[in-house]
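Have a look at work.cif below; it lists mmCIF, C-alpha atoms.
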```
data_run
#
loop_
_atom_site.group_PDB
_atom_site.id
_atom_site.type_symbol
_atom_site.label_atom_id
_atom_site.label_comp_id
_atom_site.auth_asym_id
_atom_site.auth_seq_id
_atom_site.Cartn_x
_atom_site.Cartn_y
_atom_site.Cartn_z
ATOM 1 C CA MET A 27 0.000 0.000 0.000
ATOM 2 C CA PHE A 28 1.237 3.517 -0.747
ATOM 3 C CA ALA A 29 1.193 6.825 1.107
ATOM 4 C CA SER A 30 0.075 9.993 -0.649
ATOM 5 C CA PRO A 31 2.648 11.184 -3.199
ATOM 6 C CA SER A 32 2.397 14.670 -1.654
ATOM 7 C CA THR A 33 4.230 13.408 1.433
ATOM 8 C CA LEU A 34 7.353 12.783 -0.639
ATOM 9 C CA LEU A 35 9.313 15.830 -1.786
ATOM 10 C CA LEU A 36 12.622 15.392 -3.553
ATOM 11 C CA GLY A 37 15.253 17.803 -4.809
ATOM 12 C CA LEU A 38 18.071 16.555 -7.017
ATOM 13 C CA THR A 39 21.491 18.143 -7.148
ATOM 14 C CA LEU A 40 24.431 16.770 -9.093
ATOM 15 C CA LEU A 41 27.763 17.982 -7.813
ATOM 16 C CA ALA A 42 31.170 17.612 -9.452
ATOM 17 C CA GLU A 43 34.094 16.349 -7.386
ATOM 18 C CA PRO A 44 37.657 17.114 -8.442
ATOM 19 C CA SER A 45 38.955 13.721 -7.290
ATOM 20 C CA PRO A 46 37.810 10.713 -5.230
ATOM 21 C CA VAL A 47 37.030 11.478 -1.589
ATOM 22 C CA PRO A 48 39.540 10.142 0.954
ATOM 23 C CA ALA A 49 38.880 7.453 3.521
ATOM 24 C CA CYS A 50 38.022 9.090 6.841
ATOM 25 C CA GLU A 51 39.342 7.806 10.148
ATOM 26 C CA THR A 52 37.122 7.461 13.213
ATOM 27 C CA GLY A 53 38.199 8.547 16.664
ATOM 28 C CA THR A 54 41.416 10.476 17.251
ATOM 29 C CA ARG A 55 43.751 10.474 14.256
ATOM 30 C CA ARG A 56 47.539 10.704 14.644
ATOM 31 C CA ILE A 57 49.873 12.117 12.005
ATOM 32 C CA GLU A 58 53.618 11.399 12.451
ATOM 33 C CA LEU A 59 56.295 13.667 10.949
ATOM 34 C CA ASP A 60 60.022 12.933 10.748
ATOM 35 C CA ALA A 61 62.461 15.840 10.734
ATOM 36 C CA ASP A 62 64.538 14.565 7.773
ATOM 37 C CA ALA A 63 61.835 12.912 5.670
ATOM 38 C CA SER A 64 59.555 14.273 2.977
ATOM 39 C CA HIS A 65 55.846 13.593 3.323
ATOM 40 C CA GLU A 66 52.797 13.535 1.155
ATOM 41 C CA THR A 67 50.252 16.145 2.144
ATOM 42 C CA PRO A 68 47.872 14.465 4.631
ATOM 43 C CA GLU A 69 44.191 14.711 3.734
ATOM 44 C CA VAL A 70 41.726 15.394 6.549
ATOM 45 C CA CYS A 71 37.946 14.985 6.167
ATOM 46 C CA ILE A 72 35.731 17.902 7.217
ATOM 47 C CA ARG A 73 32.053 18.865 6.987
ATOM 48 C CA PRO A 74 30.519 22.350 6.956
ATOM 49 C CA GLU A 75 29.387 23.607 10.390
ATOM 50 C CA LEU A 76 31.264 20.806 12.218
ATOM 51 C CA ALA A 77 34.301 21.810 14.289
ATOM 52 C CA ILE A 78 37.651 20.061 13.848
ATOM 53 C CA ASN A 79 40.428 20.353 16.439
ATOM 54 C CA LEU A 80 44.065 19.974 15.368
ATOM 55 C CA PHE A 81 46.516 19.426 18.240
ATOM 56 C CA PHE A 82 50.284 19.822 17.786
ATOM 57 C CA ASP A 83 53.189 18.817 20.048
ATOM 58 C CA THR A 84 54.630 22.342 20.034
ATOM 59 C CA THR A 85 53.533 25.984 20.052
ATOM 60 C CA LEU A 86 52.229 27.435 16.793
ATOM 61 C CA ALA A 87 53.683 30.604 15.262
ATOM 62 C CA ARG A 88 51.037 31.305 12.634
ATOM 63 C CA VAL A 89 48.553 29.603 10.310
ATOM 64 C CA GLU A 90 47.867 30.236 6.623
ATOM 65 C CA ILE A 91 44.517 29.104 5.177
ATOM 66 C CA GLU A 92 43.636 29.337 1.505
ATOM 67 C CA GLY A 93 40.223 30.985 1.297
ATOM 68 C CA ARG A 94 40.045 31.842 4.989
ATOM 69 C CA GLU A 95 36.763 33.671 4.386
ATOM 70 C CA ARG A 96 35.091 30.302 3.728
ATOM 71 C CA PHE A 97 35.542 29.363 7.390
ATOM 72 C CA ARG A 98 33.069 30.585 9.968
ATOM 73 C CA ARG A 99 35.551 30.215 12.820
ATOM 74 C CA VAL A 100 39.364 30.012 13.001
ATOM 75 C CA MET A 101 40.925 29.841 16.465
ATOM 76 C CA VAL A 102 44.660 29.482 17.204
ATOM 77 C CA THR A 103 45.659 28.966 20.856
ATOM 78 C CA ASP A 104 49.217 27.872 21.717
ATOM 79 C CA ASP A 105 49.381 24.339 20.243
ATOM 80 C CA THR A 106 45.779 24.021 19.014
ATOM 81 C CA LEU A 107 43.990 25.005 15.811
ATOM 82 C CA THR A 108 40.179 24.868 15.712
ATOM 83 C CA LEU A 109 38.304 25.310 12.440
ATOM 84 C CA VAL A 110 34.609 25.472 11.547
ATOM 85 C CA ALA A 111 33.934 25.476 7.807
ATOM 86 C CA SER A 112 30.966 27.405 6.456
ATOM 87 C CA GLU A 113 28.345 26.250 3.961
ATOM 88 C CA ALA A 114 30.391 28.030 1.279
ATOM 89 C CA LEU A 115 32.544 24.895 1.076
ATOM 90 C CA HIS A 116 30.855 22.173 -0.969
ATOM 91 C CA ASP A 117 31.445 18.429 -1.239
ATOM 92 C CA GLY A 118 34.823 17.609 -2.774
ATOM 93 C CA ALA A 119 36.361 21.033 -2.050
ATOM 94 C CA ARG A 120 40.033 20.902 -1.017
ATOM 95 C CA VAL A 121 41.547 23.609 1.184
ATOM 96 C CA PRO A 122 45.301 23.712 1.987
ATOM 97 C CA VAL A 123 46.176 24.749 5.553
ATOM 98 C CA THR A 124 49.834 25.490 6.393
ATOM 99 C CA VAL A 125 50.937 25.610 10.032
ATOM 100 C CA PHE A 126 54.219 27.292 11.086
ATOM 101 C CA PHE A 127 55.892 26.172 14.329
ATOM 102 C CA GLN A 128 57.497 28.553 16.801
ATOM 103 C CA ASP A 129 60.397 26.483 18.192
ATOM 104 C CA GLY A 130 62.509 26.512 14.999
ATOM 105 C CA ASN A 131 62.944 22.736 14.901
ATOM 106 C CA ALA A 132 62.512 20.711 11.732
ATOM 107 C CA PRO A 133 60.161 20.391 10.084
ATOM 108 C CA ALA A 134 59.326 24.064 10.524
ATOM 109 C CA THR A 135 55.922 23.769 8.827
ATOM 110 C CA ILE A 136 53.283 21.257 7.855
ATOM 111 C CA THR A 137 50.597 21.539 5.187
ATOM 112 C CA LEU A 138 47.310 19.685 5.599
ATOM 113 C CA LEU A 139 44.667 19.331 2.893
ATOM 114 C CA LEU A 140 41.139 19.699 4.263
ATOM 115 C CA VAL A 141 38.671 17.768 2.077
ATOM 116 C CA VAL A 142 34.906 18.290 2.336
ATOM 117 C CA HIS A 143 33.472 14.753 2.529
ATOM 118 C CA PRO A 144 29.856 14.018 1.490
ATOM 119 C CA SER A 145 28.925 12.530 4.884
ATOM 120 C CA GLN A 146 31.871 12.092 7.258
ATOM 121 C CA ALA A 147 34.220 14.310 9.254
ATOM 122 C CA GLU A 148 37.285 13.817 11.409
ATOM 123 C CA ARG A 149 36.766 15.753 14.617
ATOM 124 C CA GLN A 150 40.188 15.472 16.298
ATOM 125 C CA VAL A 151 43.692 15.171 14.792
ATOM 126 C CA GLU A 152 47.006 15.022 16.684
ATOM 127 C CA VAL A 153 50.220 15.934 14.852
ATOM 128 C CA PHE A 154 53.591 14.686 16.179
ATOM 129 C CA ARG A 155 56.854 15.930 14.650
ATOM 130 C CA HIS A 156 59.279 13.803 16.693
ATOM 131 C CA ALA A 157 59.546 10.325 18.189
ATOM 132 C CA ARG A 158 56.648 9.604 20.438
ATOM 133 C CA THR A 159 57.144 9.207 24.181
ATOM 134 C CA LEU A 160 56.643 5.955 26.052
ATOM 135 C CA ALA A 161 53.284 7.233 27.283
ATOM 136 C CA SER A 162 52.296 8.007 23.698
ATOM 137 C CA TYR A 163 53.286 4.504 22.572
ATOM 138 C CA ARG A 164 51.257 3.041 25.417
ATOM 139 C CA GLN A 165 48.335 5.192 24.386
ATOM 140 C CA GLY A 166 48.743 3.952 20.808
ATOM 141 C CA GLU A 167 48.861 0.352 22.007
ATOM 142 C CA SER A 168 45.704 0.930 24.016
ATOM 143 C CA GLN A 169 43.963 2.374 20.968
ATOM 144 C CA ALA A 170 45.184 -0.546 18.829
ATOM 145 C CA ARG A 171 43.743 -3.011 21.341
ATOM 146 C CA ALA A 172 40.446 -1.126 21.309
ATOM 147 C CA GLU A 173 40.364 -1.187 17.502
ATOM 148 C CA ALA A 174 41.193 -4.903 17.484
ATOM 149 C CA GLN A 175 38.343 -5.519 19.917
ATOM 150 C CA GLN A 176 36.026 -3.528 17.659
ATOM 151 C CA CYS A 177 37.103 -5.642 14.680
ATOM 152 C CA GLN A 178 36.404 -8.820 16.646
ATOM 153 C CA GLU A 179 32.947 -7.550 17.570
ATOM 154 C CA GLU A 180 32.245 -6.599 13.947
ATOM 155 C CA LYS A 181 33.420 -10.028 12.804
ATOM 156 C CA ALA A 182 31.145 -11.703 15.355
ATOM 157 C CA ARG A 183 28.228 -9.556 14.192
ATOM 158 C CA MET A 184 28.809 -10.455 10.547
ATOM 159 C CA GLN A 185 29.120 -14.147 11.384
ATOM 160 C CA SER A 186 25.897 -13.918 13.358
ATOM 161 C CA GLU A 187 24.128 -12.255 10.447
ATOM 162 C CA CYS A 188 25.334 -14.976 8.076
ATOM 163 C CA GLY A 189 23.570 -17.510 10.286
ATOM 164 C CA GLU A 190 20.362 -15.513 10.528
ATOM 165 C CA PRO A 191 17.213 -16.546 8.656
ATOM 166 C CA ILE A 192 16.406 -14.979 5.297
ATOM 167 C CA GLY A 193 13.236 -13.490 3.883
ATOM 168 C CA LEU A 194 10.603 -12.038 6.226
ATOM 169 C CA MET A 195 12.059 -13.993 9.144
ATOM 170 C CA ARG A 196 15.133 -11.757 8.954
ATOM 171 C CA LEU A 197 12.890 -8.741 9.653
ATOM 172 C CA ILE A 198 10.573 -10.387 12.160
ATOM 173 C CA THR A 199 13.228 -11.952 14.410
ATOM 174 C CA PRO A 200 15.074 -8.732 15.422
ATOM 175 C CA GLY A 201 11.799 -6.796 15.687
ATOM 176 C CA TRP A 202 12.272 -4.567 12.644
ATOM 177 C CA ILE A 203 8.801 -5.408 11.358
ATOM 178 C CA GLY A 204 5.620 -5.672 13.393
ATOM 179 C CA THR A 205 1.881 -5.606 12.926
ATOM 180 C CA GLN A 206 2.076 -2.426 10.837
ATOM 181 C CA GLY A 207 4.137 -4.220 8.200
ATOM 182 C CA VAL A 208 6.203 -2.556 5.493
ATOM 183 C CA PHE A 209 5.101 0.660 3.794
ATOM 184 C CA ALA A 210 6.233 1.555 0.274
ATOM 185 C CA GLN A 211 5.953 4.712 -1.803
ATOM 186 C CA GLU A 212 6.846 5.131 -5.450
ATOM 187 C CA LEU A 213 8.953 8.230 -6.021
ATOM 188 C CA LYS A 214 7.421 10.474 -8.645
ATOM 189 C CA GLY A 215 8.316 13.808 -10.156
ATOM 190 C CA ILE A 216 12.035 13.702 -9.410
ATOM 191 C CA PRO A 217 13.413 16.878 -11.030
ATOM 192 C CA GLU A 218 16.416 16.717 -13.353
ATOM 193 C CA ARG A 219 19.227 19.233 -13.092
ATOM 194 C CA PRO A 220 20.179 20.692 -16.493
ATOM 195 C CA GLY A 221 23.289 18.977 -17.761
ATOM 196 C CA ALA A 222 23.052 16.095 -15.313
ATOM 197 C CA LEU A 223 24.723 12.897 -16.490
ATOM 198 C CA ILE A 224 23.613 10.494 -13.739
ATOM 199 C CA ILE A 225 19.863 10.651 -13.164
ATOM 200 C CA PRO A 226 17.363 8.529 -11.196
ATOM 201 C CA ARG A 227 14.730 7.330 -13.665
ATOM 202 C CA LYS A 228 12.489 5.870 -10.990
ATOM 203 C CA GLY A 229 12.602 4.828 -7.375
ATOM 204 C CA VAL A 230 10.695 3.406 -4.429
ATOM 205 C CA GLY A 231 10.987 4.277 -0.735
ATOM 206 C CA TYR A 232 10.370 1.604 1.913
ATOM 207 C CA ARG A 233 9.824 1.752 5.654
ATOM 208 C CA ALA A 234 9.490 -1.168 8.091
ATOM 209 C CA ILE A 235 8.134 -0.492 11.593
ATOM 210 C CA GLY A 236 8.549 -2.805 14.573
ATOM 211 C CA ASP A 237 6.067 -3.070 17.437
ATOM 212 C CA GLN A 238 8.628 -1.541 19.842
ATOM 213 C CA GLY A 239 9.322 1.491 17.652
ATOM 214 C CA GLN A 240 12.475 0.204 15.977
ATOM 215 C CA GLY A 241 12.672 -0.235 12.232
ATOM 216 C CA ARG A 242 14.528 0.286 8.973
ATOM 217 C CA VAL A 243 14.186 2.416 5.866
ATOM 218 C CA ALA A 244 15.325 1.630 2.335
ATOM 219 C CA LEU A 245 15.475 3.337 -1.019
ATOM 220 C CA LYS A 246 15.631 1.616 -4.415
ATOM 221 C CA LEU A 247 16.800 3.769 -7.312
ATOM 222 C CA ASP A 248 17.188 3.052 -11.005
ATOM 223 C CA LEU A 249 20.160 5.236 -12.008
ATOM 224 C CA LEU A 250 20.708 6.041 -15.691
ATOM 225 C CA ASN A 251 24.117 7.065 -17.055
ATOM 226 C CA ARG A 252 23.612 9.657 -19.799
ATOM 227 C CA GLY A 253 27.308 10.492 -19.992
ATOM 228 C CA THR A 254 30.171 9.101 -22.050
ATOM 229 C CA ARG A 255 32.150 7.563 -19.182
ATOM 230 C CA THR A 256 31.482 4.682 -16.826
ATOM 231 C CA TRP A 257 30.153 5.691 -13.382
ATOM 232 C CA THR A 258 30.632 3.295 -10.456
ATOM 233 C CA PRO A 259 28.897 3.868 -7.084
ATOM 234 C CA ALA A 260 31.525 3.883 -4.338
ATOM 235 C CA GLY A 261 29.526 4.782 -1.254
ATOM 236 C CA ALA A 262 26.316 6.259 0.059
ATOM 237 C CA ALA A 263 24.915 8.011 3.093
ATOM 238 C CA LEU A 264 21.445 8.818 4.433
ATOM 239 C CA LEU A 265 21.704 12.063 6.410
ATOM 240 C CA ASP A 266 19.157 13.621 8.751
ATOM 241 C CA GLU A 267 18.383 17.338 8.850
ATOM 242 C CA LYS A 268 21.538 17.904 10.951
ATOM 243 C CA GLN A 269 23.655 16.076 8.364
ATOM 244 C CA VAL A 270 24.204 13.143 10.759
ATOM 245 C CA PRO A 271 24.354 9.762 8.947
ATOM 246 C CA LEU A 272 21.795 7.103 9.860
ATOM 247 C CA PRO A 273 23.439 4.069 11.502
ATOM 248 C CA GLY A 274 23.690 0.592 10.027
ATOM 249 C CA LEU A 275 23.758 1.762 6.417
ATOM 250 C CA ARG A 276 24.065 -0.922 3.766
ATOM 251 C CA MET A 277 24.292 -0.586 0.018
ATOM 252 C CA SER A 278 23.604 -3.312 -2.503
ATOM 253 C CA HIS A 279 26.682 -4.579 -4.326
ATOM 254 C CA PRO A 280 27.480 -1.741 -6.746
ATOM 255 C CA GLU A 281 28.300 -2.385 -10.373
ATOM 256 C CA PRO A 282 29.751 -0.017 -12.986
ATOM 257 C CA ILE A 283 27.068 1.838 -14.916
ATOM 258 C CA HIS A 284 28.242 2.101 -18.512
ATOM 259 C CA PRO A 285 27.184 4.971 -20.800
ATOM 260 C CA GLY A 286 23.575 4.628 -21.866
ATOM 261 C CA LYS A 287 22.897 1.916 -19.297
ATOM 262 C CA SER A 288 21.033 1.896 -15.986
ATOM 263 C CA PHE A 289 21.495 0.022 -12.724
ATOM 264 C CA GLY A 290 19.242 -0.600 -9.727
ATOM 265 C CA LEU A 291 20.828 0.532 -6.461
ATOM 266 C CA ILE A 292 19.413 -0.184 -2.986
ATOM 267 C CA VAL A 293 20.403 1.725 0.157
ATOM 268 C CA GLU A 294 19.145 0.658 3.604
ATOM 269 C CA ALA A 295 19.655 2.017 7.139
ATOM 270 C CA GLU A 296 18.293 1.816 10.664
ATOM 271 C CA ALA A 297 15.595 4.342 11.593
ATOM 272 C CA GLY A 298 13.156 4.158 14.471
ATOM 273 C CA GLU A 299 9.557 5.290 14.212
ATOM 274 C CA ARG A 300 10.369 8.877 15.223
ATOM 275 C CA GLU A 301 13.561 9.164 13.182
ATOM 276 C CA ALA A 302 11.890 7.849 10.018
ATOM 277 C CA GLN A 303 9.362 10.707 10.060
ATOM 278 C CA ARG A 304 12.067 13.339 9.533
ATOM 279 C CA PRO A 305 13.331 14.567 6.159
ATOM 280 C CA PHE A 306 16.531 12.972 4.882
ATOM 281 C CA THR A 307 19.179 13.539 2.235
ATOM 282 C CA LEU A 308 20.615 10.682 0.184
ATOM 283 C CA LYS A 309 24.114 11.006 -1.254
ATOM 284 C CA VAL A 310 25.741 8.523 -3.616
ATOM 285 C CA TRP A 311 29.305 9.208 -4.754
ATOM 286 C CA ALA A 312 31.457 7.487 -7.371
ATOM 287 C CA GLU A 313 34.856 5.813 -7.548
ATOM 288 C CA GLU A 314 35.964 7.700 -10.643
ATOM 289 C CA ALA A 315 37.771 11.035 -10.418
ATOM 290 C CA ASP A 316 35.843 14.111 -11.571
ATOM 291 C CA ALA A 317 32.596 12.152 -11.257
ATOM 292 C CA GLU A 318 29.251 13.524 -10.150
ATOM 293 C CA THR A 319 27.694 12.966 -6.745
ATOM 294 C CA VAL A 320 23.976 12.212 -6.760
ATOM 295 C CA VAL A 321 22.126 14.106 -4.022
ATOM 296 C CA LEU A 322 18.424 13.641 -3.221
ATOM 297 C CA GLU A 323 17.247 16.212 -0.702
ATOM 298 C CA ASN A 324 14.140 16.582 1.475
ATOM 299 C CA LEU A 325 13.368 12.886 1.238
ATOM 300 C CA HIS A 326 10.382 11.616 3.275
ATOM 301 C CA PHE A 327 9.755 7.919 3.750
ATOM 302 C CA PRO A 328 6.173 6.550 3.902
ATOM 303 C CA SER A 329 4.552 7.301 7.253
ATOM 304 C CA SER A 330 1.433 5.142 7.117
ATOM 305 C CA PRO A 331 -0.522 2.946 4.705
ATOM 306 C CA MET A 332 -3.523 4.218 2.813
ATOM 307 C CA PRO A 333 -6.906 3.090 4.204
#
```

Mind converting the file's structure to structure tokens?
Amino acid sequence: MFASPSTLLLGLTLLAEPSPVPACETGTRRIELDADASHETPEVCIRPELAINLFFDTTLARVEIEGRERFRRVMVTDDTLTLVASEALHDGARVPVTVFFQDGNAPATITLLLVVHPSQAERQVEVFRHARTLASYRQGESQARAEAQQCQEEKARMQSECGEPIGLMRLITPGWIGTQGVFAQELKGIPERPGALIIPRKGVGYRAIGDQGQGRVALKLDLLNRGTRTWTPAGAALLDEKQVPLPGLRMSHPEPIHPGKSFGLIVEAEAGEREAQRPFTLKVWAEEADAETVVLENLHFPSSPMP
């Protein structure tokens, strides 16, 4: 059964990215610098309106930011640099930041490349120029143990899922579907941006509601490649109105979409009864450099079946 089409409003924006987005690290990131070694410019993921704190192991002399006016806040205090990017920075934008150190030791500067990621951001980065202390190594060992434990837990979860039932039983057992069932809504009237090469021809939104309020949402899109180059989905995110990604996101196994061809893509995430009633934004980005990012804004999933 389908909800009223008026409850589903979509806006489509196709954005160009200069190069593939980097992999973002979770938790505190550490960047090591040797005094006599050359380094590639580290890339750091940021998001507009989200603060990032950069901590250094020595006092800062000054900071140079390309396009400083595109940052809403820049704070330099002793050994810390805090930045808050504004909405003027769009997905894929790259901003060099050069930090000069006060103590005169080598290296005297470091340049970081801030990259606006479609859905993720690194919130804390620590930069070390010299050999780490014993306490720092112990801290690193502690973090490594924590990450190993997380990997073990993720492995156990995946093994558990492999042994779970399939079909409707997979939804019923964990409580993701209850007496209200699964609602579906065909997406209609998706606008096309002039010059867009990757367009959604059709789509369906799904929402499963459990009796205890938990549930999942999913979106199935038929993407058409009107360009002259292959476009391969690399990742996706469902973001709420605060640009926070929904947890437990899964994407169907992506395949390259060749020119003139289409491919059905499915994105699924966890969303309780309250969360699923909010508007969302779907982003799907590609593996290829200079490829477009598909953005569906103001997306509403079905709220109730028709009588």

Practice problem: Report the residues retrieved by the PyMOL selection byres ((chain A and resi 85) around 9) from the displayed file, expressed as a list in words. | Solution: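 Here the PyMOL selection byres ((chain A and resi 85) around 9) matches Phe82, Asp83, Thr84, Leu86, Ala87, Thr103, Asp104, Asp105, Thr106, Phe127, Gln128 and Asp129 of chain A.
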
Quiz item: Could you name the residues that touch Val151 in chain A at 7 Å or less, counting all atoms listed in the file, but leaving out those on the same chain fewer than 2 positions away, as a PyMOL selection string?
Solution: chain A and resi 54-56+79-81+149+153

Practice problem: Can you give me, as a ChimeraX atom specification, the residues this file yields under the PyMOL selection byres ((chain A and resi 304) around 12)? | Solution: /A:33-35,243,264-269,272,297-303,305-307,323-329

Exercise. Counting only C-alpha atoms, figure out which residue out of A:Ala147, A:Ala210, A:Lys287, A:Glu152 gets nearest to Asp117 in chain A.
Key: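 For Asp117 in chain A, the nearest of the candidates is A:Ala147.
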
Quiz item: What is the CA of Glu173 in chain A to CA of Gln150 in chain A distance in Å?
Solution: 16.7 Å

Hey, can I get the axis-aligned box for range 217-223 of chain A? All listed atoms, 3 Å padding on each side, centre and edge lengths in Å to one decimal, as AutoDock Vina command-line options.
```
--center_x 19.1 --center_y 16.8 --center_z -14.4 --size_x 17.3 --size_y 13.8 --size_z 12.7
```

Quiz prompt | Pairwise distance for CA of Gly241 in chain A and CA of Glu296 in chain A, rounded to one decimal in Å | solution = 6.2 Å

Quiz item: What is the distance, in Å and to one decimal place, between CA of Leu213 in chain A and CA of Pro144 in chain A?
Solution: 23.0 Å

Exercise. Could you pull out every residue with an atom within 12 Å of (30.4, 26.7, 0.9), file coordinates, counting all atoms listed in the file, and send them as number ranges by chain?
Key: A: 73-75, 93-98, 110-121, 142

Export, as an mmCIF file, keeping the file's coordinate frame, the selected residues with C-alpha atoms.
```
data_model
loop_
_atom_site.group_PDB
_atom_site.id
_atom_site.type_symbol
_atom_site.label_atom_id
_atom_site.label_comp_id
_atom_site.auth_asym_id
_atom_site.auth_seq_id
_atom_site.Cartn_x
_atom_site.Cartn_y
_atom_site.Cartn_z
ATOM 1 C CA ARG A 73 32.053 18.865 6.987
ATOM 2 C CA PRO A 74 30.519 22.350 6.956
ATOM 3 C CA GLU A 75 29.387 23.607 10.390
ATOM 4 C CA GLY A 93 40.223 30.985 1.297
ATOM 5 C CA ARG A 94 40.045 31.842 4.989
ATOM 6 C CA GLU A 95 36.763 33.671 4.386
ATOM 7 C CA ARG A 96 35.091 30.302 3.728
ATOM 8 C CA PHE A 97 35.542 29.363 7.390
ATOM 9 C CA ARG A 98 33.069 30.585 9.968
ATOM 10 C CA VAL A 110 34.609 25.472 11.547
ATOM 11 C CA ALA A 111 33.934 25.476 7.807
ATOM 12 C CA SER A 112 30.966 27.405 6.456
ATOM 13 C CA GLU A 113 28.345 26.250 3.961
ATOM 14 C CA ALA A 114 30.391 28.030 1.279
ATOM 15 C CA LEU A 115 32.544 24.895 1.076
ATOM 16 C CA HIS A 116 30.855 22.173 -0.969
ATOM 17 C CA ASP A 117 31.445 18.429 -1.239
ATOM 18 C CA GLY A 118 34.823 17.609 -2.774
ATOM 19 C CA ALA A 119 36.361 21.033 -2.050
ATOM 20 C CA ARG A 120 40.033 20.902 -1.017
ATOM 21 C CA VAL A 121 41.547 23.609 1.184
ATOM 22 C CA VAL A 142 34.906 18.290 2.336
#
```

Quiz item: Taking (26.6, -0.8, -10.0) in the file's coordinates, which residues come within 12 Å, counting only C-alpha atoms, written as an MDAnalysis selection string?
Solution: chainID A and resid 247:251 256:261 277:284 287:292 310:313

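You can rank A:Arg99, A:Arg219, A:Arg255, A:Arg155 by their closest distance to Leu59 in chain A using all atoms listed in the file, and at the top of that list sits A:Arg155.
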
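Residue nearest Phe209 in chain A, chosen from A:Leu76, A:Val230, A:Leu109, A:Leu140 and counting all atoms listed in the file: A:Val230.
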
Quiz item: Could you write out as a ChimeraX atom specification the residues that the PyMOL selection byres ((chain A and resi 91) around 9) matches in the shown file?
Solution: /A:89-90,92-94,121-125

Quiz prompt | Residue among A:Val208, A:Ile216, A:Ile235, A:Leu245 lying closest to Ala262 in chain A, counting all atoms listed in the file | solution =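 Looking at the shortest contact to Ala262 in chain A, the residue is A:Leu245.
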
Quiz item: For Cys50 in chain A, which residue out of A:Thr254, A:Thr319, A:Gln178, A:Ser145 is the nearest one, using all atoms listed in the file?
Solution: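 Checking each candidate against Cys50 in chain A, we get A:Ser145 as the closest.
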